[in-house]
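> Please find entry11.csv (CSV, C-alpha atoms) on the next line:
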chain,number,residue,atom,x,y,z
A,1,MET,CA,160.0,33.8,150.7
A,2,ASP,CA,159.9,34.0,147.0
A,3,VAL,CA,156.9,36.0,145.9
A,4,SER,CA,157.8,36.5,142.3
A,5,PHE,CA,155.1,34.1,141.2
A,6,LEU,CA,152.5,36.8,142.2
A,7,GLY,CA,153.4,38.8,139.1
A,8,GLY,CA,153.0,42.2,140.7
A,9,PRO,CA,149.9,44.1,141.9
A,10,SER,CA,146.6,44.2,140.0
A,11,PRO,CA,146.1,47.1,137.6
A,12,GLN,CA,144.9,50.2,139.4
A,13,ARG,CA,142.3,52.8,138.3
A,14,GLY,CA,142.3,56.1,140.0
A,15,VAL,CA,139.8,58.6,141.3
A,16,GLY,CA,141.2,62.0,142.2
A,17,VAL,CA,139.4,63.7,145.2
A,18,VAL,CA,139.7,67.4,146.0
A,19,ALA,CA,138.5,67.9,149.6
A,20,PRO,CA,138.3,71.0,151.9
A,21,PHE,CA,141.2,71.5,154.2
A,22,ASP,CA,139.2,70.4,157.2
A,23,PHE,CA,137.9,67.1,155.7
A,24,ALA,CA,138.4,64.3,158.2
A,25,LEU,CA,136.6,61.3,156.8
A,26,ASP,CA,139.0,59.9,154.2
A,27,ARG,CA,138.4,56.3,155.5
A,28,GLU,CA,134.6,56.7,154.9
A,29,LEU,CA,135.1,57.5,151.2
A,30,TRP,CA,137.2,54.4,150.8
A,31,ARG,CA,134.4,52.1,152.1
A,32,TRP,CA,132.4,52.7,148.9
A,33,VAL,CA,135.3,52.0,146.6
A,34,PRO,CA,135.9,48.5,145.0
A,35,ASP,CA,139.3,46.9,145.3
A,36,GLU,CA,140.5,47.8,141.8
A,37,VAL,CA,140.1,51.5,142.4
A,38,SER,CA,142.3,53.8,144.4
A,39,LEU,CA,141.5,57.3,145.8
A,40,HIS,CA,144.1,60.0,145.4
A,41,LEU,CA,143.2,62.9,147.8
A,42,THR,CA,144.3,66.4,148.0
A,43,ARG,CA,143.0,69.4,150.0
A,44,THR,CA,142.3,73.0,149.5
A,45,PRO,CA,144.6,75.5,151.3
A,46,TYR,CA,143.7,76.3,154.9
A,47,VAL,CA,141.7,79.5,155.6
A,48,PRO,CA,140.9,80.7,159.1
A,49,VAL,CA,137.1,80.8,158.6
A,50,GLU,CA,134.4,78.7,160.3
A,51,VAL,CA,131.9,76.6,158.3
A,52,SER,CA,129.7,79.2,156.6
A,53,LEU,CA,128.7,80.5,153.2
A,54,ASP,CA,131.9,82.6,153.1
A,55,LEU,CA,134.0,79.5,153.6
A,56,ALA,CA,132.0,77.6,151.0
A,57,ARG,CA,132.8,80.4,148.5
A,58,MET,CA,136.5,80.5,149.4
A,59,ILE,CA,137.1,76.8,149.0
A,60,SER,CA,135.3,76.6,145.7
A,61,GLU,CA,137.1,79.4,143.8
A,62,HIS,CA,138.1,78.2,140.3
A,63,GLU,CA,141.8,79.1,140.8
A,64,THR,CA,141.8,77.0,144.1
A,65,LEU,CA,140.1,74.1,142.3
A,66,GLY,CA,142.5,74.2,139.3
A,67,ASP,CA,145.6,74.2,141.6
A,68,ALA,CA,144.2,71.3,143.5
A,69,VAL,CA,143.4,69.2,140.4
A,70,ARG,CA,146.8,69.9,138.9
A,71,THR,CA,148.5,68.4,142.0
A,72,LEU,CA,146.7,65.1,141.1
A,73,THR,CA,147.8,64.9,137.4
A,74,ALA,CA,151.0,63.1,138.1
A,75,VAL,CA,149.1,60.0,139.3
A,76,ALA,CA,146.7,60.1,136.3
A,77,PRO,CA,143.3,59.8,137.8
A,78,GLU,CA,140.5,58.9,135.3
A,79,VAL,CA,138.0,61.3,137.0
A,80,VAL,CA,138.2,64.0,139.6
A,81,ALA,CA,135.6,64.6,142.3
A,82,TYR,CA,135.2,67.7,144.4
A,83,ALA,CA,134.1,66.3,147.8
A,84,CYS,CA,132.3,69.2,149.4
A,85,THR,CA,128.5,69.8,149.5
A,86,SER,CA,128.3,73.4,150.5
A,87,GLY,CA,131.3,74.4,148.3
A,88,SER,CA,129.5,73.0,145.3
A,89,PHE,CA,126.0,74.3,145.9
A,90,VAL,CA,126.8,77.8,147.1
A,91,GLY,CA,126.8,79.1,143.5
A,92,GLY,CA,123.6,77.3,142.5
A,93,MET,CA,123.3,75.0,139.6
A,94,VAL,CA,125.1,77.3,137.2
A,95,GLY,CA,128.0,77.7,139.6
A,96,GLU,CA,128.3,73.9,140.1
A,97,ARG,CA,128.5,73.3,136.3
A,98,ALA,CA,131.2,76.0,136.1
A,99,MET,CA,133.2,74.3,138.8
A,100,CYS,CA,133.1,71.0,136.9
A,101,GLU,CA,134.3,72.8,133.7
A,102,ALA,CA,137.1,74.5,135.6
A,103,MET,CA,138.3,71.2,137.1
A,104,SER,CA,138.1,69.4,133.8
A,105,ARG,CA,140.2,72.1,132.1
A,106,ALA,CA,142.8,71.8,134.8
A,107,GLY,CA,143.1,68.0,134.7
A,108,ALA,CA,141.9,67.1,131.2
A,109,VAL,CA,139.6,64.4,132.8
A,110,PRO,CA,135.9,64.3,133.6
A,111,ALA,CA,135.0,66.1,136.9
A,112,ILE,CA,132.1,65.9,139.3
A,113,THR,CA,131.1,67.6,142.5
A,114,THR,CA,129.1,66.4,145.5
A,115,SER,CA,126.1,68.7,144.8
A,116,GLY,CA,126.1,67.7,141.2
A,117,ALA,CA,126.2,64.1,142.2
A,118,LEU,CA,123.3,64.7,144.6
A,119,LEU,CA,121.1,65.9,141.7
A,120,GLU,CA,122.2,62.9,139.6
A,121,ALA,CA,121.2,60.6,142.5
A,122,LEU,CA,117.8,62.3,142.8
A,123,VAL,CA,117.1,61.6,139.1
A,124,GLU,CA,118.4,58.1,139.4
A,125,LEU,CA,115.9,57.4,142.2
A,126,ASP,CA,113.1,59.4,140.7
A,127,VAL,CA,112.9,61.7,143.7
A,128,ARG,CA,110.5,64.7,143.5
A,129,ARG,CA,110.3,65.4,147.2
A,130,VAL,CA,113.3,65.2,149.6
A,131,ALA,CA,113.9,65.6,153.3
A,132,LEU,CA,117.2,67.2,154.3
A,133,VAL,CA,119.6,66.7,157.3
A,134,THR,CA,122.4,69.2,157.6
A,135,PRO,CA,125.0,70.0,160.3
A,136,TYR,CA,125.1,73.6,159.0
A,137,THR,CA,123.9,77.0,160.2
A,138,VAL,CA,120.5,78.1,159.0
A,139,SER,CA,122.0,80.3,156.2
A,140,VAL,CA,124.0,77.4,154.7
A,141,THR,CA,121.0,75.1,155.1
A,142,ARG,CA,118.7,77.6,153.2
A,143,ALA,CA,121.3,77.7,150.4
A,144,LEU,CA,121.0,73.9,150.1
A,145,GLU,CA,117.2,74.2,150.0
A,146,GLY,CA,117.5,76.8,147.3
A,147,TYR,CA,119.9,74.6,145.2
A,148,VAL,CA,117.5,71.6,145.4
A,149,ALA,CA,114.6,73.8,144.5
A,150,GLN,CA,116.4,75.0,141.4
A,151,ALA,CA,116.4,71.3,140.2
A,152,GLY,CA,112.6,71.2,140.7
A,153,VAL,CA,112.7,69.1,143.8
A,154,THR,CA,110.5,70.0,146.8
A,155,VAL,CA,112.0,70.0,150.3
A,156,THR,CA,109.4,68.4,152.6
A,157,GLY,CA,111.3,68.9,155.9
A,158,CYS,CA,114.8,69.8,157.1
A,159,ALA,CA,116.7,69.3,160.3
A,160,PHE,CA,119.9,71.2,161.0
A,161,MET,CA,122.5,71.4,163.7
A,162,SER,CA,124.0,74.9,163.5
A,163,LEU,CA,127.6,73.6,163.6
A,164,THR,CA,130.5,75.8,162.4
A,165,ARG,CA,133.4,73.4,163.1
A,166,HIS,CA,134.4,69.8,164.0
A,167,ILE,CA,131.4,68.3,162.0
A,168,TRP,CA,133.2,64.9,161.7
A,169,LYS,CA,132.7,64.5,165.5
A,170,VAL,CA,128.9,64.2,165.2
A,171,THR,CA,127.8,60.7,166.3
A,172,TYR,CA,125.7,58.2,164.4
A,173,ARG,CA,123.0,58.6,167.1
A,174,GLU,CA,122.8,62.3,166.4
A,175,VAL,CA,122.6,61.7,162.7
A,176,VAL,CA,119.8,59.1,163.1
A,177,ASP,CA,117.8,61.4,165.5
A,178,MET,CA,118.0,64.3,163.0
A,179,ALA,CA,117.0,62.0,160.1
A,180,ARG,CA,113.9,60.9,162.0
A,181,ARG,CA,112.9,64.5,162.6
A,182,ALA,CA,113.4,65.6,159.0
A,183,ALA,CA,111.5,62.7,157.5
A,184,VAL,CA,108.3,63.2,159.5
A,185,ARG,CA,105.4,63.7,157.1
A,186,GLY,CA,104.6,67.4,157.0
A,187,ARG,CA,102.3,69.8,155.2
A,188,LEU,CA,104.1,69.2,151.9
A,189,GLY,CA,103.6,65.4,152.1
A,190,ALA,CA,105.9,62.6,152.5
A,191,ALA,CA,109.5,62.6,151.2
A,192,ASP,CA,110.6,60.3,148.4
A,193,ALA,CA,114.1,60.2,149.9
A,194,LEU,CA,116.3,61.6,152.6
A,195,PHE,CA,119.6,63.4,152.0
A,196,LEU,CA,122.3,63.6,154.7
A,197,SER,CA,124.4,66.6,153.7
A,198,CYS,CA,128.1,67.5,154.2
A,199,THR,CA,131.0,65.3,153.3
A,200,ASN,CA,132.4,65.8,156.9
A,201,LEU,CA,129.2,64.1,158.4
A,202,PRO,CA,129.7,60.4,159.1
A,203,THR,CA,126.9,58.4,157.5
A,204,TYR,CA,128.2,55.1,156.0
A,205,ASP,CA,126.8,52.7,158.7
A,206,VAL,CA,123.5,54.5,159.3
A,207,ILE,CA,122.2,54.4,155.7
A,208,PRO,CA,120.9,50.8,155.8
A,209,GLN,CA,119.4,51.3,159.2
A,210,LEU,CA,117.6,54.4,158.2
A,211,GLU,CA,116.3,52.9,154.9
A,212,ALA,CA,114.9,50.0,156.8
A,213,GLU,CA,113.2,52.2,159.3
A,214,LEU,CA,111.9,55.0,157.1
A,215,ARG,CA,111.2,52.9,154.0
A,216,ILE,CA,112.6,55.5,151.6
A,217,PRO,CA,116.0,55.8,149.9
A,218,VAL,CA,118.6,57.5,152.2
A,219,ILE,CA,121.6,59.1,150.4
A,220,SER,CA,124.5,61.0,151.8
A,221,ALA,CA,127.1,63.4,150.6
A,222,ASN,CA,130.0,61.0,150.6
A,223,GLN,CA,127.9,58.2,149.1
A,224,VAL,CA,126.7,60.2,146.1
A,225,THR,CA,130.2,61.5,145.5
A,226,MET,CA,131.7,58.1,145.2
A,227,TRP,CA,128.7,56.7,143.4
A,228,ALA,CA,128.9,59.4,140.7
A,229,ALA,CA,132.7,59.2,140.4
A,230,LEU,CA,132.7,55.5,140.0
A,231,ARG,CA,129.9,55.7,137.4
A,232,ARG,CA,132.3,57.7,135.2
A,233,LEU,CA,134.7,54.7,135.4
A,234,GLY,CA,132.0,52.3,134.3
A,235,THR,CA,132.1,50.6,137.7
A,236,ARG,CA,129.9,50.5,140.8
A,237,ALA,CA,130.2,51.7,144.4
A,238,VAL,CA,130.0,49.0,147.1
A,239,GLY,CA,128.0,49.0,150.3
A,240,PRO,CA,125.4,47.0,152.2
A,241,TYR,CA,121.7,47.4,151.3
A,242,GLN,CA,121.6,51.0,150.0
A,243,ALA,CA,119.0,51.9,147.5
A,244,LEU,CA,121.3,54.1,145.4
A,245,ILE,CA,123.8,51.3,144.7
A,246,ASP,CA,121.6,48.2,145.2
A,247,LEU,CA,118.5,47.8,143.0
A,248,SER,CA,117.1,45.2,145.4
A,249,ALA,CA,117.0,47.8,148.2
A,250,ARG,CA,114.7,50.2,146.3
A,251,SER,CA,111.1,50.4,147.4
A,252,GLY,CA,108.2,52.9,147.6
A,253,PRO,CA,108.0,55.5,150.4
A,254,VAL,CA,106.2,54.4,153.5
A,255,LEU,CA,106.6,56.9,156.3
A,256,PRO,CA,105.3,56.8,159.9
A,257,ASP,CA,102.4,59.0,160.8
A,258,PRO,CA,103.6,62.3,162.4
A,259,ARG,CA,103.1,62.9,166.1
A,260,PRO,CA,100.1,65.0,167.1
A,261,GLY,CA,100.9,68.6,166.4
A,262,ALA,CA,104.1,67.8,164.4
A,263,VAL,CA,103.1,69.9,161.4
A,264,MET,CA,102.3,72.9,163.6
A,265,GLN,CA,105.5,72.5,165.5
A,266,ASN,CA,107.4,72.5,162.2
A,267,THR,CA,105.7,75.7,161.1
A,268,GLN,CA,106.4,77.4,164.5
A,269,ASP,CA,110.0,76.4,164.4
A,270,MET,CA,110.4,77.8,160.9
A,271,GLN,CA,109.0,81.2,162.0
A,272,SER,CA,111.2,81.3,165.1
A,273,MET,CA,114.3,80.4,163.0
A,274,GLN,CA,113.6,83.3,160.7
A,275,ASP,CA,113.2,85.8,163.6
A,276,LEU,CA,116.4,84.9,165.5
A,277,PRO,CA,119.9,86.2,164.6
A,278,GLU,CA,121.8,83.3,163.1
A,279,GLU,CA,124.4,83.1,165.8
A,280,LYS,CA,121.6,82.4,168.3
A,281,GLN,CA,119.9,79.7,166.3
A,282,GLN,CA,120.5,76.2,167.6
A,283,GLU,CA,119.6,72.7,166.4
A,284,GLY,CA,116.2,72.8,164.7
A,285,TRP,CA,114.0,71.9,161.8
A,286,THR,CA,112.0,73.6,159.1
Translate this structure into structure tokens?

Amino acid sequence: MDVSFLGGPSPQRGVGVVAPFDFALDRELWRWVPDEVSLHLTRTPYVPVEVSLDLARMISEHETLGDAVRTLTAVAPEVVAYACTSGSFVGGMVGERAMCEAMSRAGAVPAITTSGALLEALVELDVRRVALVTPYTVSVTRALEGYVAQAGVTVTGCAFMSLTRHIWKVTYREVVDMARRAAVRGRLGAADALFLSCTNLPTYDVIPQLEAELRIPVISANQVTMWAALRRLGTRAVGPYQALIDLSARSGPVLPDPRPGAVMQNTQDMQSMQDLPEEKQQEGWT
């Protein structure tokens, strides 16, 4: 068959993505990307460390990021994204900005990180109070809470899973259950939005469901990463009924009333979490 009449493929625009060595959700990132954009992924070198603050620091070192970005220069991406939440919030807001500068120097293109994109998304949605869901241990979860607080955003509730590996194996049902727990109205009031942290946590299909149920914007690590990167290209992420990328999906917060004793339970769980050694802390909320 003669296909010469097709004239070749359509012009391609590229987004370079630097991901941690254990990132397993490449296909989820692609689901937010329009047809004219390609993702070019590379990974940081393997290190034999479980998910922790130590690992977050190792995979976000400037030398590591620079080497990763340089591996992408041959395909000429227009923007580079560091797709890791903990690796980009572990140094706080100052550390996140320094990471972007290091990546931009290495690739001579604009650079963003997941945690920087999170703060952009919170501004875009006018969020002052946020509920968090994380698969992390308590120490990594607290670091995320501190990062959000630096931006002047109040954390109203947080559910965490204490996982140190294989985060991509978490089911949608587990994500939804944790989201419902985190979003319960607590002593700090109702959340304006819910953030599902970690780029290795599957979230694409649950966002519309949770937004319809909780009546607040629901944003996730992979979603904000792709949204912010594509903004740099002057184009938009794609996806069904998601407040961040679809203006028609935005509405005011309307949360269900908490169960009797829910606020007290939250407080008790926070205290018990502080008293236990980290390796003994299991799934919980604060």
> Take CA of Leu29 (chain A) and CA of Asn222 (chain A) and report the distance between them in Å, one decimal.
6.2 Å
> Hey, what's within 8 Å of region 129-144 of chain A if we count all atoms listed in the file and toss same-chain stuff fewer than 5 positions away? As a PyMOL selection string, please?
chain A and resi 51-53+86+89-90+153-164+167+175+178-179+182-183+190-198+201+273+278+281
> Near region 67-70 of chain A, within 10 Å and counting all atoms listed in the file, which residues show up once chain neighbours fewer than 2 positions away are dropped, as a ChimeraX atom specification?
/A:16-19,41-45,62-65,72-74,77,80-82,102-109,111
> A:Arg215, A:His40, A:Arg231, A:Arg97: which is nearest Val75 (chain A), counting all atoms listed in the file?
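Closest to Val75 (chain A), using all atoms listed in the file: A:His40.
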> Draw an axis-aligned box over all listed atoms of region 74-92 of chain A, pad each side with 5 Å, and write its centre and edge lengths in Å, one decimal, as AutoDock Vina command-line options.

--center_x 137.3 --center_y 69.0 --center_z 142.9 --size_x 37.4 --size_y 30.2 --size_z 25.2
> Nearest to Val206 (chain A) among A:Gly186, A:Gly91, A:Gly234, A:Pro240, with distances taken over all atoms listed in the file: which residue is it?
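Using all atoms listed in the file, the shortest distance to Val206 (chain A) belongs to A:Pro240.
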> Tell me, in Å to one decimal, how far CA of Val94 (chain A) is from CA of Thr113 (chain A).
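Computed distance, CA of Val94 (chain A) to CA of Thr113 (chain A), equals 12.6 Å.
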> Measuring atom to atom with only C-alpha atoms, identify which of A:Cys84, A:Ala221, A:Val184, A:Ala76 is nearest to Arg57 (chain A).
A:Cys84
> Quick one: distance from CA of Gln12 (chain A) to CA of Arg232 (chain A) in Å, one decimal?
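Going from CA of Gln12 (chain A) over to CA of Arg232 (chain A) covers 15.3 Å.
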> Of the candidates A:Asp205, A:Asp2, A:Glu101, A:Glu61, which shows the shortest atom-to-atom distance to Glu28 (chain A), using only C-alpha atoms?
A:Asp205
> Restricting the calculation to only C-alpha atoms, which member of A:Gly92, A:Pro48, A:Pro208, A:Pro11 is positioned closest to Arg250 (chain A)?
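Closest residue, counting only C-alpha atoms: A:Pro208.
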> With distances taken over all atoms listed in the file, which of A:Asn200, A:Ser248, A:Gln209, A:Thr71 is nearest to Phe23 (chain A)?
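Nearest to Phe23 (chain A): A:Asn200.
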